[in-house]
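*Asks:* What follows is the file model.txt, containing compact mmCIF, C-alpha atoms:
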# COMPACT_ATOMS: atom_id res chain seq x y z
CA MET A 1 16.89 19.40 4.70
CA ILE A 2 15.20 16.53 6.47
CA LEU A 3 12.58 16.54 9.20
CA HIS A 4 13.53 13.66 11.48
CA THR A 5 10.54 12.51 13.51
CA ILE A 6 11.54 10.32 16.41
CA SER A 7 9.27 8.37 18.75
CA VAL A 8 11.67 5.93 20.46
CA SER A 9 12.91 6.18 24.03
CA PRO A 10 16.07 8.29 24.48
CA ALA A 11 17.64 5.15 26.00
CA SER A 12 17.50 3.24 22.70
CA ALA A 13 20.43 2.85 20.31
CA THR A 14 18.10 4.03 17.54
CA PHE A 15 17.95 7.43 19.22
CA LEU A 16 21.74 7.69 19.08
CA ASP A 17 21.86 6.57 15.44
CA CYS A 18 19.36 9.31 14.63
CA LEU A 19 21.46 11.96 16.41
CA ARG A 20 24.62 10.79 14.67
CA LEU A 21 23.04 11.08 11.21
CA ILE A 22 21.32 14.43 11.66
CA ASP A 23 22.88 17.13 9.53
CA ALA A 24 23.06 20.88 10.09
CA GLY A 25 19.88 22.40 8.65
CA ASP A 26 17.76 19.34 9.49
CA GLY A 27 14.91 19.43 12.00
CA LEU A 28 14.29 16.98 14.83
CA LEU A 29 10.74 16.52 16.09
CA LEU A 30 10.28 14.62 19.35
CA LEU A 31 7.14 12.47 19.52
CA GLU A 32 5.81 9.91 21.99
CA ASP A 33 8.54 8.42 24.24
CA ALA A 34 11.24 10.53 22.57
CA VAL A 35 9.93 13.58 24.47
CA TYR A 36 11.62 12.16 27.58
CA ALA A 37 14.89 13.34 26.00
CA LEU A 38 13.87 16.72 27.46
CA ARG A 39 14.59 15.26 30.92
CA ASP A 40 18.12 14.20 29.97
CA SER A 41 20.45 17.20 30.03
CA THR A 42 23.40 15.26 28.55
CA LEU A 43 21.26 14.19 25.64
CA LEU A 44 19.84 17.70 25.19
CA ASP A 45 23.40 19.00 24.94
CA ALA A 46 24.15 16.34 22.32
CA ILE A 47 21.04 17.34 20.40
CA ASN A 48 22.02 21.02 20.50
CA ASP A 49 25.47 20.07 19.20
CA THR A 50 23.87 18.75 16.00
CA ASP A 51 22.85 22.28 14.94
CA ALA A 52 19.43 20.90 14.01
CA GLN A 53 16.30 22.84 14.89
CA LEU A 54 14.56 21.02 17.74
CA TYR A 55 10.79 20.64 18.08
CA ALA A 56 8.51 18.65 20.38
CA LEU A 57 4.82 17.89 19.87
CA ALA A 58 3.09 19.68 22.75
CA ASP A 59 0.30 17.09 23.08
CA HIS A 60 2.91 14.44 23.75
CA THR A 61 4.96 16.49 26.23
CA LEU A 62 1.73 17.36 28.07
CA ALA A 63 0.71 13.71 28.20
CA ALA A 64 4.12 12.85 29.63
CA GLY A 65 3.93 15.51 32.32
CA LEU A 66 6.68 17.63 30.72
CA GLY A 67 4.49 20.49 29.60
CA GLU A 68 5.02 23.33 32.03
CA VAL A 69 8.78 23.83 31.76
CA ASP A 70 10.72 26.11 29.39
CA TYR A 71 13.14 23.90 27.46
CA GLY A 72 15.16 26.71 25.91
CA GLU A 73 15.92 25.96 22.28
CA VAL A 74 13.05 23.51 21.94
CA ARG A 75 9.98 24.77 20.09
CA MET A 76 6.72 23.28 21.35
CA ILE A 77 4.42 22.77 18.38
CA ASP A 78 0.82 21.73 17.76
CA MET A 79 -0.56 19.50 15.00
CA GLN A 80 -1.03 22.47 12.64
CA GLN A 81 2.64 23.32 12.96
CA PHE A 82 3.61 19.66 12.53
CA VAL A 83 1.88 19.67 9.13
CA ALA A 84 3.56 22.99 8.29
CA LEU A 85 6.97 21.48 9.13
CA THR A 86 6.41 18.61 6.69
CA VAL A 87 5.73 21.22 4.02
CA GLN A 88 8.77 23.29 5.00
CA TYR A 89 11.18 20.32 5.03
CA PRO A 90 11.09 18.50 1.68
CA ARG A 91 11.74 15.09 3.24
CA GLN A 92 10.74 13.29 6.42
CA LEU A 93 12.51 10.37 8.05
CA ALA A 94 10.68 8.52 10.83
CA TRP A 95 12.74 6.85 13.57
CA TYR A 96 10.59 4.43 15.55
CA MET B 1 0.42 19.88 -1.63
CA LEU B 2 -0.36 16.20 -2.20
CA PHE B 3 0.31 13.92 0.78
CA ALA B 4 0.28 10.18 1.31
CA LEU B 5 0.76 8.46 4.66
CA LEU B 6 2.41 5.19 5.62
CA VAL B 7 1.29 3.84 9.00
CA THR B 8 3.00 0.91 10.71
CA SER B 9 1.63 1.56 14.23
CA THR B 10 -1.13 -0.46 15.79
CA PRO B 11 -3.92 1.68 17.27
CA PHE B 12 -3.84 -0.51 20.39
CA SER B 13 -0.51 0.65 21.84
CA GLY B 14 1.41 3.90 21.83
CA GLN B 15 0.33 7.08 20.05
CA GLY B 16 1.59 6.51 16.50
CA ALA B 17 -1.75 5.63 14.92
CA ALA B 18 -3.69 8.38 16.70
CA THR B 19 -1.02 10.92 15.74
CA ALA B 20 -1.24 9.78 12.11
CA ALA B 21 -5.05 10.08 12.04
CA ARG B 22 -4.98 13.57 13.56
CA PHE B 23 -2.19 14.62 11.21
CA ALA B 24 -4.34 13.46 8.28
CA HIS B 25 -7.34 15.51 9.38
CA THR B 26 -5.19 18.57 10.07
CA LEU B 27 -3.52 18.58 6.67
CA ILE B 28 -6.92 18.42 4.95
CA GLU B 29 -8.20 21.29 7.15
CA GLN B 30 -5.20 23.29 5.94
CA GLY B 31 -6.26 22.80 2.32
CA HIS B 32 -3.72 20.12 1.39
CA GLU B 33 -4.74 16.92 -0.35
CA LEU B 34 -4.42 13.41 1.04
CA SER B 35 -4.58 10.69 -1.60
CA SER B 36 -4.12 7.60 0.48
CA VAL B 37 -3.07 5.99 3.71
CA PHE B 38 -1.19 2.70 3.42
CA PHE B 39 -1.22 0.49 6.52
CA LEU B 40 1.65 -1.94 6.85
CA ASP B 41 2.76 -4.46 9.47
CA ALA B 42 0.93 -3.86 12.80
CA GLY B 43 -0.62 -0.79 11.17
CA VAL B 44 -3.21 -3.07 9.54
CA GLU B 45 -4.91 -3.39 12.94
CA ASN B 46 -6.28 0.11 12.33
CA GLY B 47 -8.84 -1.55 10.05
CA ALA B 48 -10.28 -3.78 12.79
CA ALA B 49 -14.05 -3.43 12.39
CA ASN B 50 -14.96 -4.89 15.76
CA ALA B 51 -12.46 -3.19 18.07
CA VAL B 52 -14.42 -1.65 20.93
CA CYS B 53 -12.79 1.49 22.28
CA PRO B 54 -13.24 2.57 25.93
CA GLN B 55 -15.56 5.58 26.10
CA ASP B 56 -12.93 7.87 27.63
CA GLU B 57 -10.36 7.20 24.89
CA SER B 58 -10.41 8.71 21.42
CA ASP B 59 -11.96 6.69 18.63
CA ILE B 60 -9.16 6.28 16.08
CA LEU B 61 -11.21 4.01 13.83
CA GLY B 62 -13.85 6.76 13.62
CA LEU B 63 -11.19 9.24 12.44
CA TRP B 64 -10.11 6.90 9.63
CA ILE B 65 -13.68 6.19 8.53
CA GLU B 66 -14.36 9.92 8.33
CA LEU B 67 -11.35 10.39 6.04
CA ALA B 68 -12.64 7.71 3.67
CA GLU B 69 -16.28 8.75 3.71
CA GLN B 70 -15.98 12.54 3.75
CA HIS B 71 -12.68 13.13 1.97
CA GLN B 72 -12.43 10.11 -0.35
CA VAL B 73 -9.06 9.08 1.09
CA GLU B 74 -8.06 5.56 0.04
CA LEU B 75 -7.34 3.43 3.11
CA THR B 76 -5.37 0.35 2.10
CA LEU B 77 -4.21 -2.50 4.31
CA CYS B 78 -1.13 -4.35 3.02
CA ILE B 79 -2.38 -7.81 2.08
CA ALA B 80 0.59 -9.78 3.44
CA SER B 81 0.39 -8.05 6.83
CA ALA B 82 -3.42 -8.12 6.90
CA LEU B 83 -3.68 -11.89 6.42
CA ARG B 84 -1.13 -12.56 9.19
CA HIS B 85 -3.02 -10.26 11.57
CA GLY B 86 -6.38 -11.87 10.81
CA MET B 87 -7.63 -8.78 9.02
CA LEU B 88 -9.94 -10.01 6.25
CA ASP B 89 -12.24 -7.92 4.08
CA GLU B 90 -15.32 -9.48 2.43
CA ALA B 91 -13.35 -10.83 -0.54
CA GLU B 92 -10.56 -12.38 1.52
CA ALA B 93 -13.04 -13.74 4.07
CA GLU B 94 -14.83 -15.54 1.27
CA ARG B 95 -11.58 -16.89 -0.17
CA TYR B 96 -10.42 -18.31 3.18
CA GLU B 97 -13.94 -19.18 4.43
CA ARG B 98 -13.66 -17.03 7.53
CA ALA B 99 -15.63 -14.09 8.89
CA ALA B 100 -14.75 -10.60 7.61
CA THR B 101 -12.96 -8.51 10.24
CA VAL B 102 -12.05 -5.34 8.32
CA HIS B 103 -14.25 -2.25 8.32
CA PRO B 104 -15.65 -1.58 4.81
CA ALA B 105 -14.01 1.88 4.73
CA PHE B 106 -10.70 0.02 4.21
CA SER B 107 -9.61 -2.14 1.32
CA ILE B 108 -6.88 -4.75 1.14
CA GLY B 109 -4.17 -4.32 -1.47
CA GLY B 110 -0.58 -4.97 -2.44
CA LEU B 111 2.61 -2.99 -1.93
CA GLY B 112 2.10 -1.66 -5.45
CA GLN B 113 -0.35 0.82 -3.97
CA LEU B 114 2.33 2.17 -1.66
CA VAL B 115 4.70 2.37 -4.64
CA ASP B 116 2.10 4.32 -6.60
CA ALA B 117 1.46 6.73 -3.72
CA ASN B 118 5.21 7.16 -3.23
CA ALA B 119 5.67 8.06 -6.89
CA LYS B 120 2.82 10.58 -7.06
CA ALA B 121 2.72 12.34 -3.70
CA ASP B 122 4.79 15.43 -2.89
CA ARG B 123 5.19 14.10 0.64
CA VAL B 124 5.03 10.57 2.05
CA ILE B 125 4.90 10.83 5.82
CA THR B 126 5.62 7.71 7.89
CA PHE B 127 4.10 7.04 11.30
CA GLY B 128 5.57 4.10 13.19
CA GLY B 129 6.04 3.08 16.74
CA GLN B 130 5.66 0.03 18.94
CA GLY B 131 7.25 -1.97 16.12
CA MET C 1 3.95 6.92 -13.60
CA SER C 2 3.98 10.71 -13.70
CA GLU C 3 5.50 13.35 -15.92
CA ARG C 4 8.05 14.56 -13.43
CA ASP C 5 11.35 12.80 -12.83
CA ALA C 6 10.98 9.47 -11.09
CA THR C 7 11.04 9.64 -7.30
CA ARG C 8 14.31 8.36 -5.87
CA THR C 9 13.58 6.40 -2.72
CA LEU C 10 15.93 5.23 0.01
CA ILE C 11 14.73 2.43 2.28
CA LEU C 12 16.37 2.46 5.70
CA ILE C 13 16.51 -1.04 7.17
CA ARG C 14 16.95 -0.83 10.93
CA ARG C 15 15.54 -4.10 12.37
CA SER C 16 17.27 -7.36 13.18
CA PRO C 17 16.09 -10.21 10.92
CA TYR C 18 13.93 -12.16 13.37
CA GLY C 19 13.22 -9.54 16.05
CA SER C 20 10.58 -7.65 14.11
CA SER C 21 8.26 -8.27 11.17
CA LEU C 22 9.36 -4.84 9.92
CA ALA C 23 12.64 -6.44 8.81
CA ARG C 24 10.93 -8.34 6.01
CA ALA C 25 8.47 -5.50 5.33
CA ALA C 26 11.42 -3.20 4.59
CA ILE C 27 13.02 -5.58 2.09
CA GLU C 28 9.69 -6.32 0.41
CA THR C 29 8.91 -2.62 0.05
CA GLY C 30 12.27 -2.20 -1.69
CA LEU C 31 11.54 -5.13 -4.00
CA ALA C 32 8.10 -3.72 -4.81
CA LEU C 33 9.59 -0.33 -5.76
CA ALA C 34 12.13 -2.06 -7.98
CA ALA C 35 9.46 -4.26 -9.56
CA PHE C 36 7.51 -1.13 -10.55
CA ASP C 37 10.68 0.45 -12.02
CA GLN C 38 11.01 3.07 -9.30
CA PRO C 39 14.62 4.03 -8.51
CA CYS C 40 15.35 2.54 -5.12
CA ASN C 41 18.37 2.04 -2.89
CA LEU C 42 18.70 0.22 0.44
CA LEU C 43 20.62 1.34 3.51
CA PHE C 44 21.31 -1.05 6.40
CA VAL C 45 21.80 0.86 9.63
CA GLY C 46 21.58 0.12 13.36
CA ASP C 47 20.29 -3.39 14.12
CA GLY C 48 19.52 -3.70 10.40
CA VAL C 49 23.14 -4.71 9.72
CA LEU C 50 22.41 -7.93 11.65
CA GLN C 51 20.39 -9.06 8.64
CA LEU C 52 23.71 -9.37 6.83
CA LEU C 53 25.27 -11.89 9.22
CA PRO C 54 26.16 -15.14 7.45
CA GLY C 55 24.92 -18.56 8.53
CA GLN C 56 21.40 -17.64 9.62
CA ASP C 57 19.21 -20.68 10.29
CA PRO C 58 15.73 -19.67 11.47
CA GLY C 59 14.29 -23.11 10.66
CA PRO C 60 14.15 -24.19 14.33
CA VAL C 61 12.15 -21.06 15.25
CA GLY C 62 9.79 -21.60 12.32
CA LEU C 63 10.58 -18.50 10.31
CA ARG C 64 11.61 -17.97 6.70
CA ASN C 65 15.28 -17.21 6.10
CA LEU C 66 15.73 -13.48 5.56
CA GLY C 67 19.42 -13.90 4.76
CA LYS C 68 18.43 -16.04 1.75
CA LEU C 69 16.06 -13.32 0.56
CA LEU C 70 18.93 -10.82 0.74
CA GLN C 71 21.13 -13.10 -1.36
CA SER C 72 18.53 -12.83 -4.11
CA LEU C 73 18.61 -9.00 -4.13
CA PRO C 74 21.05 -8.79 -7.07
CA LEU C 75 18.34 -10.44 -9.20
CA TYR C 76 16.10 -7.43 -8.70
CA ASP C 77 16.60 -3.89 -9.93
CA ILE C 78 17.69 -2.45 -6.61
CA GLU C 79 20.34 0.04 -7.67
CA HIS C 80 22.64 0.06 -4.65
CA VAL C 81 22.86 -1.58 -1.25
CA TYR C 82 24.60 0.58 1.33
CA VAL C 83 25.75 -0.28 4.85
CA ASP C 84 26.39 2.22 7.65
CA ASN C 85 29.96 1.43 8.65
CA ALA C 86 29.55 2.57 12.27
CA SER C 87 26.71 0.07 12.77
CA ALA C 88 28.66 -2.71 11.06
CA GLN C 89 31.65 -1.97 13.31
CA ARG C 90 29.46 -2.04 16.42
CA TYR C 91 28.42 -5.62 15.72
CA GLY C 92 31.62 -6.79 14.05
CA VAL C 93 29.90 -7.35 10.71
CA ALA C 94 32.80 -7.68 8.31
CA GLU C 95 32.50 -6.65 4.67
CA ASP C 96 34.19 -9.86 3.51
CA ASP C 97 31.48 -12.01 5.11
CA LEU C 98 28.52 -10.22 3.56
CA PRO C 99 26.09 -12.21 1.40
CA LEU C 100 25.95 -9.54 -1.29
CA GLN C 101 27.85 -6.65 -2.84
CA VAL C 102 27.47 -3.51 -0.72
CA ASP C 103 28.98 -0.05 -0.33
CA MET C 104 30.24 0.72 3.17
CA LEU C 105 29.56 4.34 4.11
CA SER C 106 31.01 6.64 6.73
CA THR C 107 28.64 8.78 8.79
CA ALA C 108 29.31 11.78 6.52
CA ASP C 109 28.61 9.64 3.44
CA VAL C 110 25.32 8.41 4.95
CA GLN C 111 24.30 12.03 5.56
CA LYS C 112 25.10 12.79 1.93
CA LEU C 113 23.13 9.73 0.79
CA LEU C 114 20.06 10.85 2.76
CA SER C 115 20.25 14.28 1.12
CA GLU C 116 20.37 12.77 -2.39
CA HIS C 117 17.00 10.98 -2.21
CA ASP C 118 13.48 12.36 -2.68
CA GLN C 119 11.77 9.99 -0.23
CA LEU C 120 13.12 8.29 2.86
CA LEU C 121 11.20 5.26 4.08
CA GLY C 122 12.47 4.08 7.44
CA PHE C 123 11.57 0.66 8.85
Can the structure in the file be given as structure tokens, please?
*Replies:*
Amino acid sequence: MILHTISVSPASATFLDCLRLIDAGDGLLLLEDAVYALRDSTLLDAINDTDAQLYALADHTLAAGLGEVDYGEVRMIDMQQFVALTVQYPRQLAWY
Amino acid sequence: MLFALLVTSTPFSGQGAATAARFAHTLIEQGHELSSVFFLDAGVENGAANAVCPQDESDILGLWIELAEQHQVELTLCIASALRHGMLDEAEAERYERAATVHPAFSIGGLGQLVDANAKADRVITFGGQG
Amino acid sequence: MSERDATRTLILIRRSPYGSSLARAAIETGLALAAFDQPCNLLFVGDGVLQLLPGQDPGPVGLRNLGKLLQSLPLYDIEHVYVDNASAQRYGVAEDDLPLQVDMLSTADVQKLLSEHDQLLGF
């Protein structure tokens, strides 16, 4: 079980490499520019296909102007929950 | 749980460094332990003593200093990256006959310190971005 | 260093050789782990596979040759060097041309590799 933290733009090839390598049971936490993936329905479908649990850091979605919408499967988390996730998942992999 | 952080983000662009500093404070508030923060690549700019932050933006340097002074967290700038970025502590400034540019809450050290933190911590959390 | 089993670390190398200073930082972190006898493997993925292209000559742009540094990896105690096959295919990086001995991994094998390490350091 890996917590993938990703902060690159959804348009980058790194984002796609991350999605390809996510395994069922992993978590994916959207940070910084990666939160714009929430605006891309094709990409959201691809993310849901990975069977990973999806999270977004609320401070970053708010900053981006994406805060007030319900994104379905995506759990909006605060910094406390971010720390809790790094305890829950034994490993973290940062994509940036 | 014992944490160590690896930060490669500059505080001057993006949110990686600020996120790392807030993460560090939050984990300590939750009763976890933070042994060290290792700053690599553009991350060494977090130690800039003379960076002046606009009043309406958060003071990331202040967050780091608080970790060192109140929670005894070791803040280490990777020496190879630090020298390239013009980040010199008192010792390096003397060696190269330049002015010191690193805040005294930080020290300059080798990758061995990251290796040590990696071996001992239960979690090593990386914060990058703008790299 | 500690009483528990040694931490097994995987370094993910994702930057092209001269596009980012993180390219060298990744390799040097791997060498440092090996120098301190910490079990360490390398995985080239994404643009990182471009570090493996033969014939690099960064002299004219005033940079040190990263390809040369990679050739010296077998001298250090890095256990294994892995390459993500999908990334290598994307850029036409052929196994026969590589400057060092590597293991080419499918996507499923990379997923397995990630799950077998205690720490994942991505650059």
*Asks:* How many Å lie between atom CA of Asn41 of chain C and atom CA of Glu33 of chain B, rounded to one decimal?
*Replies:*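 The value is 27.6 Å.
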*Asks:* Which residues come within 12 Å of Ala46 of chain A, counting all atoms listed in the file, excluding same-chain residues fewer than 6 positions away, as a list in words?
*Replies:*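 With the cut-off at 12 Å, the set is Pro10, Phe15, Leu16, Cys18, Leu19, Arg20, Ile22, Ala37, Leu38, Asp40, Ala52 and Leu54 of chain A.
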*Asks:* Could you work out which residues of chain A fall inside 8 Å of chain C? Count all atoms listed in the file, and format the result as an NGL selection string.
*Replies:* :A and (1-2 or 13-14 or 17 or 20-23 or 90-96)
*Asks:* Pull out every residue of chain B sitting within 7 Å of chain A, counting all atoms listed in the file, and send them as a list of chain:residue names.
*Replies:* B:Gln15, B:Phe23, B:Thr26, B:Leu27, B:Ile125, B:Thr126, B:Phe127, B:Gly128, B:Gly129
*Asks:* For chain B, list the residues within 7 Å of chain C, counting all atoms listed in the file, and write the list as a short mmCIF file (atom, residue, chain, number, x, y, z; two decimals) with C-alpha atoms, keeping the file's coordinate frame.
*Replies:*
data_model
loop_
_atom_site.label_atom_id
_atom_site.label_comp_id
_atom_site.auth_asym_id
_atom_site.auth_seq_id
_atom_site.Cartn_x
_atom_site.Cartn_y
_atom_site.Cartn_z
CA ASP B 41 2.76 -4.46 9.47
CA LEU B 111 2.61 -2.99 -1.93
CA GLY B 112 2.10 -1.66 -5.45
CA VAL B 115 4.70 2.37 -4.64
CA ALA B 119 5.67 8.06 -6.89
CA LYS B 120 2.82 10.58 -7.06
CA GLY B 131 7.25 -1.97 16.12
#
*Asks:* What lies within 7 Å of Leu52 of chain C using all atoms listed in the file, ignoring chain neighbours under 2 positions off, as a list in words?
*Replies:*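 So, after excluding close chain neighbours, the residues are Val49, Leu50, Pro54, Gly67, Leu98 and Pro99 of chain C.
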*Asks:* At what distance in Å, to one decimal, does atom CA of Val81 of chain C lie from atom CA of Gly27 of chain A?
*Replies:*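 A separation of 26.1 Å between them.
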*Asks:* How many Å lie between atom CA of Gly25 of chain A and atom CA of Gln88 of chain A, rounded to one decimal?
*Replies:*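 So the two atoms, atom CA of Gly25 of chain A and atom CA of Gln88 of chain A, lie 11.7 Å apart.
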*Asks:* Can you tell me, as a ChimeraX atom specification, what residues are no more than 10 Å from segment 83-98 of chain B when counting only C-alpha atoms, ignoring any on the same chain fewer than 2 positions away?
*Replies:* /B:41-49,77-81,100-108
*Asks:* So, counting all atoms listed in the file, which residue among B:Asp56, B:Glu66, B:Asp122, B:Asp116 is closest to Ala21 of chain B?
*Replies:* B:Glu66
*Asks:* Once you add 4 Å to each side, what are the centre and edge lengths of the axis-aligned box holding all listed atoms of segment 89-100 of chain C? One decimal in Å, as AutoDock Vina command-line options, if you can.
*Replies:*
--center_x 30.1 --center_y -7.1 --center_z 7.6 --size_x 16.2 --size_y 18.2 --size_z 25.7
*Asks:* Quick one: segment 88-106 of chain C from the block, N, CA and C atoms, as a PDB file, in the first residue's frame.
*Replies:*
ATOM      1  N   ALA C  88      11.057   3.262 -21.655  1.00  0.00           N
ATOM      2  CA  ALA C  88      12.143   3.007 -22.610  1.00  0.00           C
ATOM      3  C   ALA C  88      11.584   2.896 -24.028  1.00  0.00           C
ATOM      4  N   GLN C  89      10.443   2.218 -24.153  1.00  0.00           N
ATOM      5  CA  GLN C  89       9.798   2.080 -25.464  1.00  0.00           C
ATOM      6  C   GLN C  89       9.397   3.442 -26.026  1.00  0.00           C
ATOM      7  N   ARG C  90       8.846   4.286 -25.128  1.00  0.00           N
ATOM      8  CA  ARG C  90       8.359   5.603 -25.562  1.00  0.00           C
ATOM      9  C   ARG C  90       9.451   6.376 -26.274  1.00  0.00           C
ATOM     10  N   TYR C  91      10.692   6.282 -25.741  1.00  0.00           N
ATOM     11  CA  TYR C  91      11.785   7.071 -26.299  1.00  0.00           C
ATOM     12  C   TYR C  91      12.727   6.232 -27.166  1.00  0.00           C
ATOM     13  N   GLY C  92      12.355   4.995 -27.432  1.00  0.00           N
ATOM     14  CA  GLY C  92      13.215   4.154 -28.256  1.00  0.00           C
ATOM     15  C   GLY C  92      14.574   3.902 -27.638  1.00  0.00           C
ATOM     16  N   VAL C  93      14.609   3.768 -26.314  1.00  0.00           N
ATOM     17  CA  VAL C  93      15.867   3.444 -25.636  1.00  0.00           C
ATOM     18  C   VAL C  93      16.003   1.917 -25.641  1.00  0.00           C
ATOM     19  N   ALA C  94      16.967   1.443 -26.407  1.00  0.00           N
ATOM     20  CA  ALA C  94      17.097  -0.004 -26.584  1.00  0.00           C
ATOM     21  C   ALA C  94      18.030  -0.599 -25.540  1.00  0.00           C
ATOM     22  N   GLU C  95      17.666  -1.786 -25.064  1.00  0.00           N
ATOM     23  CA  GLU C  95      18.444  -2.422 -23.995  1.00  0.00           C
ATOM     24  C   GLU C  95      19.895  -2.668 -24.429  1.00  0.00           C
ATOM     25  N   ASP C  96      20.078  -2.979 -25.717  1.00  0.00           N
ATOM     26  CA  ASP C  96      21.430  -3.286 -26.202  1.00  0.00           C
ATOM     27  C   ASP C  96      22.373  -2.080 -26.143  1.00  0.00           C
ATOM     28  N   ASP C  97      21.796  -0.882 -26.194  1.00  0.00           N
ATOM     29  CA  ASP C  97      22.619   0.331 -26.223  1.00  0.00           C
ATOM     30  C   ASP C  97      22.960   0.866 -24.842  1.00  0.00           C
ATOM     31  N   LEU C  98      22.415   0.245 -23.798  1.00  0.00           N
ATOM     32  CA  LEU C  98      22.536   0.850 -22.474  1.00  0.00           C
ATOM     33  C   LEU C  98      23.963   0.767 -21.941  1.00  0.00           C
ATOM     34  N   PRO C  99      24.376   1.799 -21.182  1.00  0.00           N
ATOM     35  CA  PRO C  99      25.749   1.850 -20.686  1.00  0.00           C
ATOM     36  C   PRO C  99      26.016   0.909 -19.510  1.00  0.00           C
ATOM     37  N   LEU C 100      24.989   0.283 -18.982  1.00  0.00           N
ATOM     38  CA  LEU C 100      25.219  -0.626 -17.863  1.00  0.00           C
ATOM     39  C   LEU C 100      24.162  -1.725 -17.852  1.00  0.00           C
ATOM     40  N   GLN C 101      24.426  -2.737 -17.042  1.00  0.00           N
ATOM     41  CA  GLN C 101      23.533  -3.888 -16.925  1.00  0.00           C
ATOM     42  C   GLN C 101      22.262  -3.482 -16.180  1.00  0.00           C
ATOM     43  N   VAL C 102      21.098  -3.691 -16.815  1.00  0.00           N
ATOM     44  CA  VAL C 102      19.842  -3.318 -16.158  1.00  0.00           C
ATOM     45  C   VAL C 102      18.836  -4.457 -16.279  1.00  0.00           C
ATOM     46  N   ASP C 103      17.775  -4.371 -15.506  1.00  0.00           N
ATOM     47  CA  ASP C 103      16.633  -5.273 -15.654  1.00  0.00           C
ATOM     48  C   ASP C 103      15.469  -4.467 -16.194  1.00  0.00           C
ATOM     49  N   MET C 104      14.957  -4.864 -17.360  1.00  0.00           N
ATOM     50  CA  MET C 104      13.782  -4.204 -17.937  1.00  0.00           C
ATOM     51  C   MET C 104      12.525  -4.762 -17.283  1.00  0.00           C
ATOM     52  N   LEU C 105      11.641  -3.874 -16.835  1.00  0.00           N
ATOM     53  CA  LEU C 105      10.447  -4.329 -16.112  1.00  0.00           C
ATOM     54  C   LEU C 105       9.168  -3.891 -16.810  1.00  0.00           C
ATOM     55  N   SER C 106       8.204  -4.790 -16.835  1.00  0.00           N
ATOM     56  CA  SER C 106       6.864  -4.447 -17.298  1.00  0.00           C
ATOM     57  C   SER C 106       6.181  -3.589 -16.231  1.00  0.00           C
TER      58      SER C 106
END
